[in-house]
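J.: Structure incoming, see below.
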Amino acid sequence: MTVKTRYFAVCSLLVLVVGLGSGLVAYYGAIPTGALASRGGPDELRYIPADAAVVAYANVRQVMASELRQHFRQAAPGQETGQHELQAQTGINIETDIDHVVASLEGTSPGGNGPSAGLVLASGTFDEVKIEALMRDHGAQVVQYKDKRIIVAPTPTPTDLPDSNIPNPEKFSKPTEFALSFLKPGLVALGTSTLIRRAIDLENGGDNVTTNADLMNLVSSLDSGNAWAVGRFDALRGTGKLPDGMSQLPPIVWFSVTGQISDGISAVIRAETTNDEAAKNLRDVVQGFVALARLQAGSKPDLQALIQSLQISGSGKTVALSFSVPGRLVDLMAPVGGQLRNRQAAH
Amino acid sequence: MTNPRSLVSSSARIFDLSLGQMLWSRRSVFLGVLLGGPVVLAAAIRIVTATTALWRFSINGARVGGPALFGMIMWLLYIRFIIPVLGVFYGTALIADEVEDKTITYLFTRPVRRGAVLIGKYLAYLVCTILLVLPSVIVVFFLVVPLGGGSIGASFPILLEDLGMLMVGLVAYGAIFAWVGARLRRPLVIGLVFTFGWEPTVLLFPGYLKRLTVAYYLQALVPHAMPDDSAVSVLMQLFREVPPVGLSLASLAVIAGLALWLAARAVEQREYVIDQ
């Protein structure tokens, strides 16, 4: 072997050793939970209990100001019922008062029937006195818990509804009260009083979601976007509210969704399975569906941009599906919005 | 009559002689360009991302993160192109080049077994390509994976799987084309037809024919999702069967071992006629 060849081999091996060594250090260095817990995710995560099944974030100001939102409002006006309800009950205007929200869903309900109650932490500008006064006018009561005031308002239960003989699937999962508390200036918690009490307990430290290494790993690995959600898929599956076909999917442990909402939606859905084999199977299932959708898209040119944007990726235990919904596709939803409005009017 | 040296020591001697020749040959310029392509591409993506803060890599409007982009580079450049091409160009040339250069006589007149010539050259091919391919993959990995918040640490096990899979691919393709080169008269043409004609075509259709390819077993070892880059990929995904990893590894080992044995046998038995 000549000197030149020897030098080449040494240089090549050096790149290999340095690369693999650095990767190894990064691999073992990334495992401690403390480092991960401190990075990524909004500050409000410290109010969310560690056993939360789903955690979500939305930059409300960006989403509300987005072209897509404006487009959607024009295409399907009158779809802001929930928004109006919240404003009527609390005086909080989602469009103008809230900057961003962090929401969580409990792992299991007290009866063990899957996720039951959610907590929403909204940051923004709120007139605390006005909100409390309005809620009291609507029959809410104020409860003192530690140094915080929790405003508890009863919500109409299914049995209070005029036609209570109609079976209501939400009868057993809908919370019977709605509570609100200002955790600090500019931060309001909305949910059940039990969850708000837990959030107040966690304010000064404790077993919050930032100590959940698996979930925080997901949060820190999310792509940047103005809305995201991460959670345990098995907890959602336990609720029995997922479509039947979902139960035949390979076992998914975690999922995450990240989206950038501007003039359209650009999103990435990720799923983490129990093992590499399950991920391969899931990739095959999704790839099969995407392939079929592509073949079908030929007859529906309007959907081609969406179908062509579908990209499956992922490695190891991860499966990811990226897609982009152009703003003009919202126009396709306009007839749907019209049909919905007609149906509501008929009822 | 001299006693032929043992196969191992003879092969080692041929390997030592061939590695330098292979590394500093004109073919290595081609190899450098081939392997420099992904590195340049990755560096360009990294530079554009770093200089344009708002720029995000996207395909048809859908944003793609660093690990996903690395997976695509692995599939489209390394697995579907670079590894088979290296196998074809280097594997078929192991013996064919010596015949073409009319230097095979010098090797065959040495007191070594003829089969050792092929095995030594095959080992030189493996070392030469592995020393070039693996560093290239590592550089691409470190350039691309951190994009879009990707984690080097979290993706590191995947890199190890990729490196292992590429080595297995080089072993299998190299052995097959070494046999083709030792056995046939126009090995390069046949190699290219096999790689870019037979393999992609057979993989498109359901049935057993795909088991007569290297790609069928190699693609089962790829830890990344197959990208949907073309209509061919869409069809491929529809009819895709993924054999278990154990079966794939065993099959590739059998293919490589058998091809190498057949190649050594062909060199031992064939009379090479040198054109004057």
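Letters for chains follow the order of the structure tokens (A, B, ...), residue numbers begin at 1 for each chain, and ligand numbers begin at 1 in the order shown.
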Could you list, as a list in words, every residue within 7 Å of range 160-166 of chain B, counting only C-alpha atoms and ignoring same-chain residues fewer than 6 positions away?

T.: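 These residues fall inside the cut-off: Leu134, Leu221, Val222 and Pro223 of chain B.
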
J.: With N, CA and C atoms kept, could you save the residues just selected as a short mmCIF file (atom, residue, chain, number, x, y, z; two decimals), in the first residue's frame?

T.:
data_model
loop_
_atom_site.label_atom_id
_atom_site.label_comp_id
_atom_site.auth_asym_id
_atom_site.auth_seq_id
_atom_site.Cartn_x
_atom_site.Cartn_y
_atom_site.Cartn_z
N LEU B 134 -19.26 5.85 3.03
CA LEU B 134 -19.68 6.10 4.41
C LEU B 134 -19.34 7.51 4.90
N LEU B 221 -34.32 -3.25 4.17
CA LEU B 221 -33.43 -2.86 5.26
C LEU B 221 -33.41 -1.35 5.46
N VAL B 222 -34.05 -0.62 4.55
CA VAL B 222 -33.99 0.84 4.63
C VAL B 222 -34.91 1.32 5.75
N PRO B 223 -34.37 2.08 6.71
CA PRO B 223 -35.22 2.51 7.82
C PRO B 223 -36.09 3.72 7.50
#

J.: As JSON, numbers by chain, please: the residues near range 96-111 of chain B (cut-off 12 Å, only C-alpha atoms, same-chain neighbours under 3 positions excluded).

T.: {"B": [1, 2, 3, 4, 5, 6, 7, 9, 10, 11, 13, 14, 17, 18, 21, 22, 25, 26, 27, 88, 89, 90, 91, 92, 93, 114, 115, 116, 117, 118, 120, 121, 177, 178, 179, 180, 181, 182, 183, 184, 185, 186, 187, 188, 267, 268, 269, 270, 271, 272, 273, 274, 275, 276]}

J.: Give me every strand (DSSP E) residue in range 39-186 of chain B, going by DSSP on the backbone, as a compact mmCIF listing (two decimals) with C-alpha atoms, in the first residue's frame.

T.:
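The resulting file, selection.txt, is reproduced below:
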# COMPACT_ATOMS: atom_id res chain seq x y z
CA SER B 58 -40.75 21.92 1.10
CA ILE B 59 -41.96 19.51 -1.55
CA ALA B 62 -45.50 20.46 2.18
CA ARG B 63 -42.74 21.25 4.63

J.: Residues of chain A were defined as contacting chain B if any atom lay at most 6 Å from it, counting only C-alpha atoms; please report them as a PyMOL selection string.

T.: chain A and resi 1+5+12+15-16+23+26-27+30+223+266+288+291+309+313-316+322-324

J.: Would you list the contacts of range 199-205 of chain A as JSON, numbers by chain, taking every protein, DNA or RNA residue within 12 Å and counting only C-alpha atoms, but skipping same-chain residues closer than 6 positions in sequence?

T.: {"A": [43, 44, 45, 46, 47, 48, 49, 50, 52, 103, 104, 118, 119, 120, 121, 144, 145, 146, 147, 148, 149, 150, 180, 181, 182, 183, 184, 187, 188, 189, 190, 191, 192, 193, 211]}

J.: Which residues are near Ala305 in chain A? Cut-off 8 Å, only C-alpha atoms, ignore same chain within fewer than 2 positions. Put them as a list in words.

T.: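 Answer for this query is Pro301, Asp302, Leu303, Ile307, Gln308, Ser309, Ser324, Val325 and Pro326 of chain A; Asn60 of chain B.
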
J.: For the residues in that selection, give me N, CA and C atoms as a PDB file, in the first residue's frame.

T.:
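Generated file (selection_30.pdb):
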ATOM      1  N   PRO A 301     -59.356  17.445 -10.436  1.00  0.00           N
ATOM      2  CA  PRO A 301     -58.207  18.341 -10.548  1.00  0.00           C
ATOM      3  C   PRO A 301     -58.098  19.347  -9.401  1.00  0.00           C
ATOM      4  N   ASP A 302     -59.243  19.697  -8.779  1.00  0.00           N
ATOM      5  CA  ASP A 302     -59.204  20.658  -7.681  1.00  0.00           C
ATOM      6  C   ASP A 302     -58.384  20.130  -6.509  1.00  0.00           C
ATOM      7  N   LEU A 303     -58.425  18.810  -6.338  1.00  0.00           N
ATOM      8  CA  LEU A 303     -57.750  18.218  -5.183  1.00  0.00           C
ATOM      9  C   LEU A 303     -56.301  17.853  -5.466  1.00  0.00           C
ATOM     10  N   ILE A 307     -53.278  16.514  -2.992  1.00  0.00           N
ATOM     11  CA  ILE A 307     -52.807  15.126  -3.105  1.00  0.00           C
ATOM     12  C   ILE A 307     -51.322  15.084  -3.461  1.00  0.00           C
ATOM     13  N   GLN A 308     -50.919  15.971  -4.387  1.00  0.00           N
ATOM     14  CA  GLN A 308     -49.506  15.974  -4.786  1.00  0.00           C
ATOM     15  C   GLN A 308     -48.605  16.400  -3.651  1.00  0.00           C
ATOM     16  N   SER A 309     -49.141  17.176  -2.718  1.00  0.00           N
ATOM     17  CA  SER A 309     -48.295  17.659  -1.619  1.00  0.00           C
ATOM     18  C   SER A 309     -48.098  16.594  -0.543  1.00  0.00           C
ATOM     19  N   SER A 324     -49.973  19.990   2.273  1.00  0.00           N
ATOM     20  CA  SER A 324     -50.231  21.419   2.184  1.00  0.00           C
ATOM     21  C   SER A 324     -51.616  21.618   1.558  1.00  0.00           C
ATOM     22  N   VAL A 325     -52.437  22.382   2.244  1.00  0.00           N
ATOM     23  CA  VAL A 325     -53.774  22.678   1.711  1.00  0.00           C
ATOM     24  C   VAL A 325     -53.759  24.118   1.219  1.00  0.00           C
ATOM     25  N   PRO A 326     -53.814  24.335  -0.075  1.00  0.00           N
ATOM     26  CA  PRO A 326     -53.806  25.709  -0.574  1.00  0.00           C
ATOM     27  C   PRO A 326     -55.098  26.434  -0.183  1.00  0.00           C
TER      28      PRO A 326
ATOM     29  N   ASN B  60     -43.734  20.202  -3.031  1.00  0.00           N
ATOM     30  CA  ASN B  60     -45.118  20.487  -3.428  1.00  0.00           C
ATOM     31  C   ASN B  60     -45.853  21.264  -2.339  1.00  0.00           C
TER      32      ASN B  60
END

J.: Measure the distance from CA of Ala266 in chain B to CA of Leu94 in chain B in Å and round it to one decimal.

T.: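 If I compute the distance from CA of Ala266 in chain B to CA of Leu94 in chain B, I get 12.8 Å.
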
J.: Looking only at alpha helix (DSSP H) from DSSP on the backbone, list the matching residues of range 98-238 of chain B as a ChimeraX atom specification.

T.: /B:98-100,104-108,114-144,152-183,187-193,199-203,215-219,231-238

J.: Provide the CA of Phe255 in chain A to CA of Ala279 in chain A distance in Å, to one decimal place.

T.: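 Answer for the CA of Phe255 in chain A to CA of Ala279 in chain A separation: 12.3 Å.
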